[in-house]
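To be precise, the following lines are query-v3.txt, and they hold compact mmCIF, C-alpha atoms.
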```txt
# COMPACT_ATOMS: atom_id res chain seq x y z
CA MET A 1 -0.32 -93.11 -41.93
CA ASN A 2 -1.98 -91.83 -38.81
CA GLU A 3 -1.61 -88.15 -39.68
CA ILE A 4 -4.09 -88.65 -42.55
CA PHE A 5 -6.74 -89.64 -40.01
CA ALA A 6 -5.78 -86.94 -37.52
CA SER A 7 -7.17 -84.20 -39.76
CA PRO A 8 -10.53 -82.92 -38.47
CA TYR A 9 -11.94 -83.38 -41.99
CA PHE A 10 -11.65 -87.15 -41.56
CA GLY A 11 -13.84 -87.35 -38.45
CA VAL A 12 -16.48 -85.01 -39.84
CA SER A 13 -16.64 -86.77 -43.23
CA LEU A 14 -16.80 -90.24 -41.70
CA SER A 15 -19.60 -89.13 -39.34
CA VAL A 16 -21.61 -87.53 -42.15
CA ILE A 17 -21.28 -90.57 -44.42
CA ALA A 18 -22.20 -93.00 -41.62
CA PHE A 19 -25.20 -90.89 -40.58
CA GLY A 20 -26.27 -90.55 -44.22
CA ILE A 21 -26.31 -94.34 -44.56
CA GLY A 22 -28.31 -94.53 -41.31
CA VAL A 23 -30.93 -92.08 -42.63
CA LYS A 24 -31.22 -94.01 -45.91
CA LEU A 25 -31.70 -97.34 -44.10
CA ASN A 26 -34.24 -95.75 -41.77
CA GLN A 27 -36.26 -94.42 -44.72
CA LYS A 28 -36.14 -97.78 -46.41
CA PHE A 29 -37.19 -99.96 -43.48
CA LYS A 30 -39.27 -97.46 -41.48
CA THR A 31 -38.76 -99.24 -38.17
CA PRO A 32 -37.53 -97.59 -34.98
CA PHE A 33 -34.88 -100.34 -34.78
CA CYS A 34 -33.15 -98.67 -37.75
CA ASN A 35 -32.33 -95.54 -35.74
CA PRO A 36 -29.94 -93.40 -37.87
CA LEU A 37 -27.85 -92.44 -34.83
CA ILE A 38 -27.38 -96.05 -33.69
CA ILE A 39 -26.45 -97.12 -37.25
CA ALA A 40 -23.95 -94.22 -37.52
CA ILE A 41 -22.37 -95.07 -34.15
CA VAL A 42 -21.99 -98.74 -35.12
CA LEU A 43 -20.55 -97.91 -38.57
CA VAL A 44 -18.03 -95.33 -37.30
CA SER A 45 -16.98 -97.61 -34.43
CA ALA A 46 -16.50 -100.49 -36.89
CA VAL A 47 -14.33 -98.37 -39.22
CA LEU A 48 -12.17 -97.18 -36.30
CA LEU A 49 -11.75 -100.71 -34.91
CA ILE A 50 -11.12 -102.45 -38.27
CA PHE A 51 -8.56 -99.92 -39.51
CA ARG A 52 -7.08 -99.43 -36.02
CA ILE A 53 -7.65 -95.68 -36.13
CA PRO A 54 -7.27 -94.16 -32.64
CA TYR A 55 -10.42 -92.57 -31.21
CA GLU A 56 -8.38 -89.42 -30.52
CA SER A 57 -7.73 -88.96 -34.27
CA TYR A 58 -11.41 -89.39 -35.12
CA ASN A 59 -12.37 -87.04 -32.31
CA LYS A 60 -10.45 -84.12 -33.91
CA GLY A 61 -13.46 -83.92 -36.22
CA GLY A 62 -15.77 -85.10 -33.46
CA GLU A 63 -14.99 -82.02 -31.39
CA ILE A 64 -16.19 -79.78 -34.23
CA ILE A 65 -19.49 -81.67 -34.38
CA ASN A 66 -19.79 -81.51 -30.58
CA MET A 67 -19.66 -77.72 -30.84
CA PHE A 68 -23.19 -77.74 -32.27
CA LEU A 69 -24.70 -79.57 -29.30
CA ALA A 70 -25.29 -76.52 -27.11
CA PRO A 71 -26.86 -74.46 -29.95
CA ALA A 72 -29.13 -77.43 -30.81
CA THR A 73 -30.24 -77.64 -27.17
CA ALA A 74 -30.95 -73.91 -27.08
CA CYS A 75 -33.16 -74.35 -30.14
CA LEU A 76 -35.49 -76.63 -28.15
CA ALA A 77 -36.81 -73.25 -26.96
CA VAL A 78 -38.02 -72.61 -30.52
CA ALA A 79 -39.88 -75.96 -30.49
CA VAL A 80 -41.64 -74.95 -27.25
CA TYR A 81 -42.29 -71.37 -28.44
CA THR A 82 -44.07 -72.49 -31.62
CA LYS A 83 -46.53 -74.45 -29.38
CA LEU A 84 -47.15 -71.53 -27.01
CA GLN A 85 -50.91 -71.51 -27.62
CA ILE A 86 -51.40 -75.14 -26.65
CA LEU A 87 -49.00 -74.70 -23.71
CA LYS A 88 -51.11 -71.82 -22.32
CA GLN A 89 -54.28 -73.86 -22.74
CA TYR A 90 -53.06 -76.98 -20.90
CA TRP A 91 -50.27 -75.56 -18.73
CA PHE A 92 -51.46 -77.16 -15.48
CA PRO A 93 -51.78 -80.80 -16.64
CA ILE A 94 -48.54 -80.37 -18.63
CA LEU A 95 -46.64 -79.16 -15.58
CA ILE A 96 -48.04 -81.88 -13.29
CA GLY A 97 -47.48 -84.61 -15.88
CA CYS A 98 -43.90 -83.59 -16.64
CA ALA A 99 -43.01 -83.21 -12.96
CA ALA A 100 -44.51 -86.59 -12.06
CA GLY A 101 -42.94 -88.26 -15.09
CA SER A 102 -39.46 -86.83 -14.43
CA ALA A 103 -39.64 -87.86 -10.77
CA ALA A 104 -40.86 -91.36 -11.72
CA SER A 105 -38.08 -91.76 -14.27
CA MET A 106 -35.25 -90.70 -11.95
CA GLY A 107 -36.74 -92.53 -8.96
CA SER A 108 -37.22 -95.81 -10.82
CA VAL A 109 -33.74 -95.64 -12.39
CA TYR A 110 -32.18 -95.03 -8.98
CA LEU A 111 -34.06 -97.90 -7.30
CA LEU A 112 -33.39 -100.34 -10.17
CA CYS A 113 -29.66 -99.49 -10.21
CA ARG A 114 -29.49 -100.16 -6.46
CA MET A 115 -31.42 -103.40 -6.93
CA PHE A 116 -29.09 -104.62 -9.70
CA GLY A 117 -25.99 -103.50 -7.80
CA LEU A 118 -24.78 -101.03 -10.44
CA ASP A 119 -22.07 -98.64 -9.25
CA GLU A 120 -22.32 -94.90 -8.64
CA SER A 121 -20.96 -93.79 -12.01
CA LEU A 122 -23.30 -96.08 -13.99
CA THR A 123 -26.26 -94.91 -11.88
CA VAL A 124 -25.42 -91.26 -12.59
CA SER A 125 -25.03 -92.08 -16.30
CA LEU A 126 -28.52 -93.61 -16.42
CA LEU A 127 -30.35 -91.18 -14.11
CA PRO A 128 -31.33 -88.58 -16.79
CA LYS A 129 -31.96 -91.16 -19.54
CA SER A 130 -35.61 -90.20 -20.22
CA VAL A 131 -34.79 -86.62 -21.29
CA THR A 132 -33.38 -85.54 -24.62
CA THR A 133 -29.70 -86.33 -25.21
CA PRO A 134 -28.10 -82.85 -24.85
CA ILE A 135 -29.79 -82.23 -21.52
CA ALA A 136 -29.13 -85.78 -20.30
CA VAL A 137 -25.42 -85.39 -21.12
CA SER A 138 -25.19 -82.01 -19.41
CA ILE A 139 -26.65 -83.59 -16.24
CA ALA A 140 -24.60 -86.81 -16.27
CA GLU A 141 -21.20 -85.41 -17.29
CA PRO A 142 -20.48 -82.97 -14.41
CA ALA A 143 -21.88 -85.49 -11.91
CA GLY A 144 -19.26 -88.07 -12.92
CA GLY A 145 -21.32 -90.12 -15.38
CA MET A 146 -19.95 -91.84 -18.49
CA VAL A 147 -21.19 -89.75 -21.44
CA PRO A 148 -21.36 -92.54 -24.05
CA ILE A 149 -23.33 -94.77 -21.66
CA THR A 150 -25.79 -91.88 -21.18
CA VAL A 151 -26.05 -91.32 -24.95
CA VAL A 152 -26.70 -94.99 -25.69
CA ALA A 153 -29.20 -95.34 -22.82
CA VAL A 154 -31.09 -92.23 -23.97
CA ILE A 155 -31.37 -93.45 -27.57
CA PHE A 156 -32.31 -96.96 -26.48
CA THR A 157 -35.04 -95.52 -24.23
CA GLY A 158 -36.32 -93.40 -27.13
CA ILE A 159 -36.45 -96.43 -29.43
CA LEU A 160 -38.36 -98.41 -26.77
CA GLY A 161 -40.88 -95.57 -26.51
CA GLY A 162 -41.21 -95.35 -30.28
CA ILE A 163 -41.93 -99.05 -30.58
CA PHE A 164 -44.12 -99.65 -27.54
CA ALA A 165 -46.06 -96.37 -27.23
CA PRO A 166 -49.22 -97.69 -29.01
CA LEU A 167 -49.10 -100.85 -26.90
CA LEU A 168 -48.62 -98.91 -23.64
CA ILE A 169 -51.53 -96.61 -24.51
CA ARG A 170 -53.80 -99.65 -24.78
CA LEU A 171 -52.30 -101.44 -21.78
CA PHE A 172 -52.81 -98.47 -19.43
CA ARG A 173 -56.09 -97.42 -21.12
CA VAL A 174 -54.99 -93.87 -21.94
CA SER A 175 -57.88 -92.44 -23.94
CA ASP A 176 -57.02 -88.73 -23.43
CA PRO A 177 -54.67 -87.56 -26.22
CA VAL A 178 -53.11 -84.96 -23.86
CA ALA A 179 -52.17 -87.68 -21.37
CA ALA A 180 -50.92 -90.00 -24.13
CA GLY A 181 -48.73 -87.32 -25.75
CA LEU A 182 -47.20 -86.18 -22.47
CA ALA A 183 -46.54 -89.77 -21.40
CA ILE A 184 -44.71 -90.47 -24.67
CA GLY A 185 -42.64 -87.27 -24.49
CA ALA A 186 -41.80 -87.71 -20.80
CA SER A 187 -40.74 -91.34 -21.17
CA SER A 188 -39.02 -91.31 -24.55
CA HIS A 189 -38.22 -87.70 -25.68
CA ALA A 190 -37.61 -86.95 -29.38
CA VAL A 191 -37.55 -90.49 -30.76
CA GLY A 192 -40.90 -91.23 -29.09
CA THR A 193 -42.25 -87.88 -30.29
CA SER A 194 -41.90 -88.89 -33.93
CA LYS A 195 -44.28 -91.79 -33.11
CA ALA A 196 -46.60 -89.44 -31.18
CA ILE A 197 -46.88 -87.19 -34.26
CA GLU A 198 -48.12 -90.22 -36.22
CA LEU A 199 -50.80 -90.90 -33.57
CA GLY A 200 -52.34 -87.43 -33.79
CA GLU A 201 -51.83 -83.67 -33.73
CA ILE A 202 -52.45 -83.18 -29.99
CA GLU A 203 -50.33 -86.23 -29.12
CA GLY A 204 -47.45 -84.86 -31.20
CA ALA A 205 -47.63 -81.32 -29.80
CA MET A 206 -47.84 -82.56 -26.20
CA SER A 207 -44.96 -84.97 -26.69
CA GLY A 208 -42.85 -82.18 -28.22
CA LEU A 209 -43.60 -79.85 -25.32
CA ALA A 210 -42.76 -82.57 -22.79
CA ILE A 211 -39.21 -82.84 -24.21
CA GLY A 212 -38.22 -79.31 -23.23
CA ILE A 213 -40.25 -79.10 -20.03
CA CYS A 214 -39.20 -82.50 -18.66
CA GLY A 215 -35.63 -81.51 -19.54
CA ILE A 216 -35.72 -78.42 -17.34
CA ILE A 217 -37.58 -80.21 -14.51
CA THR A 218 -35.07 -83.08 -14.58
CA VAL A 219 -32.19 -80.58 -14.34
CA LEU A 220 -33.87 -79.02 -11.28
CA PHE A 221 -34.48 -82.43 -9.65
CA SER A 222 -30.92 -83.56 -10.31
CA MET A 223 -29.58 -80.36 -8.71
CA ALA A 224 -31.47 -81.39 -5.57
CA VAL A 225 -30.17 -84.98 -5.45
CA LEU A 226 -26.70 -84.99 -7.07
CA MET B 1 -25.90 -63.67 -45.14
CA LYS B 2 -29.23 -64.70 -43.64
CA ILE B 3 -27.86 -68.04 -42.42
CA ILE B 4 -24.66 -66.42 -41.11
CA ARG B 5 -26.75 -63.92 -39.15
CA GLN B 6 -28.89 -66.71 -37.71
CA ILE B 7 -25.82 -68.74 -36.73
CA GLY B 8 -24.42 -65.58 -35.15
CA ILE B 9 -27.55 -65.01 -33.08
CA ILE B 10 -27.76 -68.57 -31.79
CA PHE B 11 -24.02 -68.80 -31.04
CA THR B 12 -24.20 -65.46 -29.21
CA VAL B 13 -27.03 -66.84 -27.06
CA CYS B 14 -24.84 -69.87 -26.28
CA TRP B 15 -21.87 -67.69 -25.38
CA LEU B 16 -24.03 -65.50 -23.12
CA SER B 17 -25.36 -68.63 -21.44
CA ILE B 18 -21.78 -69.62 -20.55
CA LEU B 19 -21.34 -66.16 -18.97
CA VAL B 20 -24.54 -66.72 -16.98
CA GLU B 21 -23.38 -70.21 -15.95
CA LYS B 22 -20.12 -68.77 -14.57
CA ALA B 23 -22.01 -66.01 -12.74
CA LEU B 24 -24.53 -68.34 -11.07
CA PRO B 25 -23.64 -69.40 -7.50
CA PHE B 26 -24.83 -72.99 -8.19
CA SER B 27 -24.04 -75.29 -11.12
CA PHE B 28 -26.64 -75.35 -13.88
CA PRO B 29 -25.95 -76.68 -17.41
CA ALA B 30 -25.10 -73.86 -19.84
CA SER B 31 -27.00 -75.50 -22.71
CA VAL B 32 -30.22 -75.41 -20.68
CA ILE B 33 -29.53 -71.78 -19.70
CA GLY B 34 -29.21 -71.11 -23.44
CA MET B 35 -32.59 -72.70 -24.02
CA ILE B 36 -34.22 -70.57 -21.29
CA LEU B 37 -32.46 -67.40 -22.55
CA LEU B 38 -33.66 -68.01 -26.10
CA PHE B 39 -37.20 -68.67 -24.85
CA ILE B 40 -37.21 -65.41 -22.87
CA CYS B 41 -35.86 -63.50 -25.90
CA LEU B 42 -38.71 -64.90 -28.02
CA LEU B 43 -41.37 -64.20 -25.36
CA THR B 44 -40.25 -60.60 -24.80
CA GLY B 45 -39.88 -59.95 -28.51
CA VAL B 46 -36.13 -59.20 -28.32
CA LEU B 47 -35.84 -61.88 -31.00
CA LYS B 48 -38.49 -62.67 -33.57
CA ILE B 49 -39.00 -66.27 -34.64
CA GLU B 50 -38.14 -65.23 -38.23
CA HIS B 51 -34.68 -64.18 -37.00
CA ILE B 52 -33.70 -67.77 -36.24
CA GLN B 53 -36.29 -70.05 -37.85
CA GLU B 54 -34.13 -71.67 -40.58
CA LYS B 55 -31.08 -72.23 -38.41
CA ALA B 56 -33.23 -73.56 -35.54
CA ASP B 57 -35.01 -75.97 -37.88
CA PHE B 58 -31.65 -77.10 -39.23
CA LEU B 59 -30.31 -77.81 -35.73
CA LEU B 60 -33.51 -79.47 -34.47
CA GLU B 61 -33.99 -81.67 -37.54
CA ASN B 62 -30.40 -82.85 -37.46
CA MET B 63 -30.10 -83.07 -33.66
CA ALA B 64 -29.28 -86.79 -33.76
CA PHE B 65 -26.27 -86.27 -36.04
CA PHE B 66 -24.49 -84.08 -33.50
CA PHE B 67 -24.39 -87.04 -31.10
CA VAL B 68 -22.45 -89.35 -33.38
CA PRO B 69 -18.99 -88.55 -31.87
CA ALA B 70 -20.33 -88.74 -28.29
CA GLY B 71 -21.87 -92.11 -29.07
CA VAL B 72 -18.77 -93.44 -30.83
CA SER B 73 -16.71 -92.95 -27.66
CA ILE B 74 -18.61 -96.03 -26.47
CA ILE B 75 -15.67 -97.99 -27.98
CA ASN B 76 -13.66 -96.80 -24.96
CA TYR B 77 -16.27 -98.35 -22.64
CA PHE B 78 -16.69 -101.86 -24.04
CA ASP B 79 -15.62 -103.48 -20.76
CA VAL B 80 -18.35 -101.62 -18.85
CA LEU B 81 -20.96 -102.72 -21.39
CA LYS B 82 -19.73 -106.30 -21.37
CA SER B 83 -20.07 -106.64 -17.60
CA ALA B 84 -23.42 -104.87 -17.15
CA TRP B 85 -25.37 -104.84 -20.43
CA LEU B 86 -28.23 -106.99 -19.13
CA GLN B 87 -28.76 -104.75 -16.10
CA LEU B 88 -28.56 -101.63 -18.32
CA VAL B 89 -31.23 -103.00 -20.68
CA ALA B 90 -33.46 -103.99 -17.75
CA VAL B 91 -33.17 -100.54 -16.13
CA CYS B 92 -34.10 -98.84 -19.43
CA VAL B 93 -37.09 -101.08 -20.19
CA ILE B 94 -38.64 -101.07 -16.70
CA SER B 95 -38.15 -97.36 -16.01
CA THR B 96 -39.55 -96.39 -19.44
CA VAL B 97 -42.78 -98.29 -18.70
CA VAL B 98 -42.98 -96.82 -15.16
CA THR B 99 -42.41 -93.27 -16.46
CA PHE B 100 -45.07 -93.71 -19.14
CA ALA B 101 -47.66 -95.03 -16.67
CA VAL B 102 -47.00 -92.42 -13.96
CA THR B 103 -47.14 -89.51 -16.46
CA ALA B 104 -50.32 -90.74 -18.15
CA TRP B 105 -52.10 -91.39 -14.85
CA SER B 106 -51.08 -88.13 -13.22
CA VAL B 107 -52.33 -86.16 -16.25
CA LYS B 108 -55.58 -88.13 -16.27
CA LEU B 109 -56.07 -87.43 -12.56
CA THR B 110 -55.26 -83.71 -12.97
CA VAL B 111 -57.69 -83.31 -15.88
CA ARG B 112 -60.43 -85.10 -13.91
CA LEU B 113 -59.82 -82.93 -10.81
CA LEU B 114 -59.89 -79.74 -12.90
CA SER B 115 -63.20 -80.62 -14.56
CA ARG B 116 -64.73 -81.57 -11.18
CA LEU B 117 -63.62 -78.20 -9.74
CA ARG B 118 -65.16 -76.43 -12.72
CA GLU B 119 -68.42 -78.34 -12.30
CA ARG B 120 -68.61 -77.41 -8.63
CA ARG B 121 -67.96 -73.76 -9.46
CA THR B 122 -70.73 -73.66 -12.07
CA GLY B 123 -72.99 -75.57 -9.63
CA ASN B 124 -72.55 -72.88 -6.96
CA GLU B 125 -73.49 -70.04 -9.21
```
Could you take the file, read its structure, and then write that structure out as structure tokens?
Amino acid sequence: MNEIFASPYFGVSLSVIAFGIGVKLNQKFKTPFCNPLIIAIVLVSAVLLIFRIPYESYNKGGEIINMFLAPATACLAVAVYTKLQILKQYWFPILIGCAAGSAASMGSVYLLCRMFGLDESLTVSLLPKSVTTPIAVSIAEPAGGMVPITVVAVIFTGILGGIFAPLLIRLFRVSDPVAAGLAIGASSHAVGTSKAIELGEIEGAMSGLAIGICGIITVLFSMAVL
Amino acid sequence: MKIIRQIGIIFTVCWLSILVEKALPFSFPASVIGMILLFICLLTGVLKIEHIQEKADFLLENMAFFFVPAGVSIINYFDVLKSAWLQLVAVCVISTVVTFAVTAWSVKLTVRLLSRLRERRTGNE
């Protein structure tokens, strides 16, 4: 029975179907809680657990999907390049904002993990959680982090940003759209950016730029501390 | 053929970035090297945006999908989640708010400083 599930086609098909259902639900309910990735992860996990399919069998297909992660990360360069004009115009506040935001994110995660008594490997898994998933994983994995914990923390952080961005803008009285967009991108990467695009053109562009730039800055910071 | 060529270009960039990663004396994630390489290629005009637009859009729009297998391996870490989920949630919530506030305020401060500098410069003239 198990050889049926050990074909790479199984893992890829199951992932596509689960993600497709996630996208449909997300379109229907239009709430950040219905994140397609979270829905897909829950559905695939449920199928594997219910039918007692070993993770290793599923991951035959999973490895093929993983192969696209590095190319997708590289393409973040295209997202930055298409906003070159706005980057040139605001390069100084963007650089300062992203550097401060990345430092605040890593610093606060480190302090909180110490405070709550979380161990080294959990701390490393959470440290890059404000940057986009591929970069976060490439920081956490070689440093001894647990990749799935990083992935889940990154998505959860993005969902938080997507939900609470309008509230945080009011709470901290952020009237400047440049500041608002950068704050959303620095704290909650791509998931937050989709909310920033709804708020306005400048907010969306700034948030999109912050994804790539905070990613690189966080890599540099983590090289210094890890 | 267009899509195949675009896949070829992006995969070649990724392969070159692994070469660069191996050649560097310190460890730096290959995927981020790929991003920087691609950005330099676009800036210098080695690659035109039309060369990779469709494939790049495809990868960026579907970025979340590529993380399904990585996320599913959470089923191997249930015991970790069970023992520390409350702390994990607290870390995420608090640090997201802190990051938001620090970024917004530092940008606000920078913009204010810049405009004050500009005022002083025009005042001197």
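Near stretch 202-218 of chain A, within 6 Å and counting only C-alpha atoms, sit A:Val80, A:Cys98, A:Ser102, A:Val131, A:Pro177, A:Gly181, A:Leu182, A:Ile184, A:Gly185, A:Ala186, A:His189, A:Thr193, A:Ala196, A:Ile197, A:Ser222; same-chain residues fewer than 4 positions away were not included.
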Keeping only C-alpha atoms, write the selected residues to a file as a CSV table (one decimal), in the frame of the given file.
```
chain,number,residue,atom,x,y,z
A,80,VAL,CA,-41.6,-75.0,-27.2
A,98,CYS,CA,-43.9,-83.6,-16.6
A,102,SER,CA,-39.5,-86.8,-14.4
A,131,VAL,CA,-34.8,-86.6,-21.3
A,177,PRO,CA,-54.7,-87.6,-26.2
A,181,GLY,CA,-48.7,-87.3,-25.8
A,182,LEU,CA,-47.2,-86.2,-22.5
A,184,ILE,CA,-44.7,-90.5,-24.7
A,185,GLY,CA,-42.6,-87.3,-24.5
A,186,ALA,CA,-41.8,-87.7,-20.8
A,189,HIS,CA,-38.2,-87.7,-25.7
A,193,THR,CA,-42.2,-87.9,-30.3
A,196,ALA,CA,-46.6,-89.4,-31.2
A,197,ILE,CA,-46.9,-87.2,-34.3
A,222,SER,CA,-30.9,-83.6,-10.3
```
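When only C-alpha atoms are used to compute distances to chain B, the closest of the residues A:Trp91, A:Phe19, A:Phe51, A:Phe29 turns out to be A:Phe19.
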Problem - Contacts of stretch 116-121 of chain A at 9 Å (all atoms listed in the file; same-chain gap of 4+ positions) as a ChimeraX atom specification - result: /A:111-112,125-126,140,143-146 /B:84,87-88,91
Around all listed atoms of stretch 1-13 of chain A, padded 5 Å per side, what centre and edge lengths does the axis-aligned box have in Å to one decimal, as AutoDock Vina command-line options?
```
--center_x -8.5 --center_y -88.0 --center_z -40.4 --size_x 26.3 --size_y 20.2 --size_z 15.7
```
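Taking atom CA of B:Phe78 as the reference point, atom CA of A:Leu122 is found at 13.3 Å.
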Practice task
When you get a sec, could you note down which chain A residues fall within 7 Å of chain B, using all atoms listed in the file, as an MDAnalysis selection string?
Solution key: chainID A and resid 15 19 37 40:41 44:45 59 62 65:66 68:78 81 93 96:98 100:101 104:105 108:109 112:113 116 135 138 147:149 151:153 157 172 174 179:180 182:184 187
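Proximity to A:Tyr55 was assessed for A:Leu167, A:Met115, A:Ala6, A:Val178 counting all atoms listed in the file; the smallest distance is recorded for A:Ala6.
Note that the spacing between atom CA of A:Val47 and atom CA of A:Lys28 amounts to 23.0 Å.
Across the model, the gap from atom CA of A:Phe92 to atom CA of B:Thr44 is 22.1 Å.
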Do a neighbour search on A:Ile64 at 8 Å with all atoms listed in the file, toss out local chain neighbours closer than 4 positions, and write the hits as a compact mmCIF listing (two decimals) with C-alpha atoms, in the coordinates of the input.
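Written output follows (out20.txt):
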```txt
# COMPACT_ATOMS: atom_id res chain seq x y z
CA PRO A 8 -10.53 -82.92 -38.47
CA VAL A 12 -16.48 -85.01 -39.84
CA LYS A 60 -10.45 -84.12 -33.91
CA PHE A 68 -23.19 -77.74 -32.27
```
Could you model N, CA and C atoms for stretch 158-182 of chain A and present them as a tab-separated table (two decimals), keeping the file's coordinate frame?
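That gives us result-v4.tsv:
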```tsv
chain	number	residue	atom	x	y	z
A	158	GLY	N	-35.49	-94.02	-26.10
A	158	GLY	CA	-36.32	-93.40	-27.13
A	158	GLY	C	-36.87	-94.44	-28.09
A	159	ILE	N	-36.01	-95.38	-28.50
A	159	ILE	CA	-36.45	-96.43	-29.43
A	159	ILE	C	-37.54	-97.28	-28.78
A	160	LEU	N	-37.35	-97.64	-27.50
A	160	LEU	CA	-38.36	-98.41	-26.77
A	160	LEU	C	-39.70	-97.69	-26.81
A	161	GLY	N	-39.66	-96.37	-26.51
A	161	GLY	CA	-40.88	-95.57	-26.51
A	161	GLY	C	-41.53	-95.56	-27.88
A	162	GLY	N	-40.70	-95.39	-28.92
A	162	GLY	CA	-41.21	-95.35	-30.28
A	162	GLY	C	-41.91	-96.63	-30.67
A	163	ILE	N	-41.35	-97.76	-30.21
A	163	ILE	CA	-41.93	-99.05	-30.58
A	163	ILE	C	-43.17	-99.37	-29.74
A	164	PHE	N	-43.07	-99.13	-28.43
A	164	PHE	CA	-44.12	-99.65	-27.54
A	164	PHE	C	-45.19	-98.63	-27.15
A	165	ALA	N	-45.07	-97.37	-27.62
A	165	ALA	CA	-46.06	-96.37	-27.23
A	165	ALA	C	-47.51	-96.80	-27.52
A	166	PRO	N	-47.83	-97.29	-28.74
A	166	PRO	CA	-49.22	-97.69	-29.01
A	166	PRO	C	-49.68	-98.81	-28.07
A	167	LEU	N	-48.78	-99.74	-27.79
A	167	LEU	CA	-49.10	-100.85	-26.90
A	167	LEU	C	-49.35	-100.35	-25.48
A	168	LEU	N	-48.48	-99.44	-25.00
A	168	LEU	CA	-48.62	-98.91	-23.64
A	168	LEU	C	-49.91	-98.11	-23.49
A	169	ILE	N	-50.29	-97.39	-24.55
A	169	ILE	CA	-51.53	-96.61	-24.51
A	169	ILE	C	-52.72	-97.54	-24.28
A	170	ARG	N	-52.71	-98.69	-24.96
A	170	ARG	CA	-53.80	-99.65	-24.78
A	170	ARG	C	-53.72	-100.34	-23.42
A	171	LEU	N	-52.50	-100.72	-23.04
A	171	LEU	CA	-52.30	-101.44	-21.78
A	171	LEU	C	-52.78	-100.61	-20.58
A	172	PHE	N	-52.44	-99.32	-20.57
A	172	PHE	CA	-52.81	-98.47	-19.43
A	172	PHE	C	-54.10	-97.70	-19.69
A	173	ARG	N	-54.80	-98.03	-20.77
A	173	ARG	CA	-56.09	-97.42	-21.12
A	173	ARG	C	-56.04	-95.90	-21.09
A	174	VAL	N	-55.13	-95.33	-21.87
A	174	VAL	CA	-54.99	-93.87	-21.94
A	174	VAL	C	-55.81	-93.37	-23.12
A	175	SER	N	-57.02	-92.87	-22.83
A	175	SER	CA	-57.88	-92.44	-23.94
A	175	SER	C	-57.68	-90.95	-24.25
A	176	ASP	N	-57.22	-90.17	-23.25
A	176	ASP	CA	-57.02	-88.73	-23.43
A	176	ASP	C	-55.74	-88.47	-24.24
A	177	PRO	N	-55.87	-87.80	-25.40
A	177	PRO	CA	-54.67	-87.56	-26.22
A	177	PRO	C	-53.62	-86.68	-25.52
A	178	VAL	N	-54.07	-85.79	-24.61
A	178	VAL	CA	-53.11	-84.96	-23.86
A	178	VAL	C	-52.25	-85.85	-22.98
A	179	ALA	N	-52.89	-86.77	-22.26
A	179	ALA	CA	-52.17	-87.68	-21.37
A	179	ALA	C	-51.25	-88.58	-22.18
A	180	ALA	N	-51.74	-89.09	-23.32
A	180	ALA	CA	-50.92	-90.00	-24.13
A	180	ALA	C	-49.68	-89.28	-24.66
A	181	GLY	N	-49.86	-88.07	-25.19
A	181	GLY	CA	-48.73	-87.32	-25.75
A	181	GLY	C	-47.69	-86.99	-24.70
A	182	LEU	N	-48.15	-86.52	-23.54
A	182	LEU	CA	-47.20	-86.18	-22.47
A	182	LEU	C	-46.46	-87.42	-21.99
```
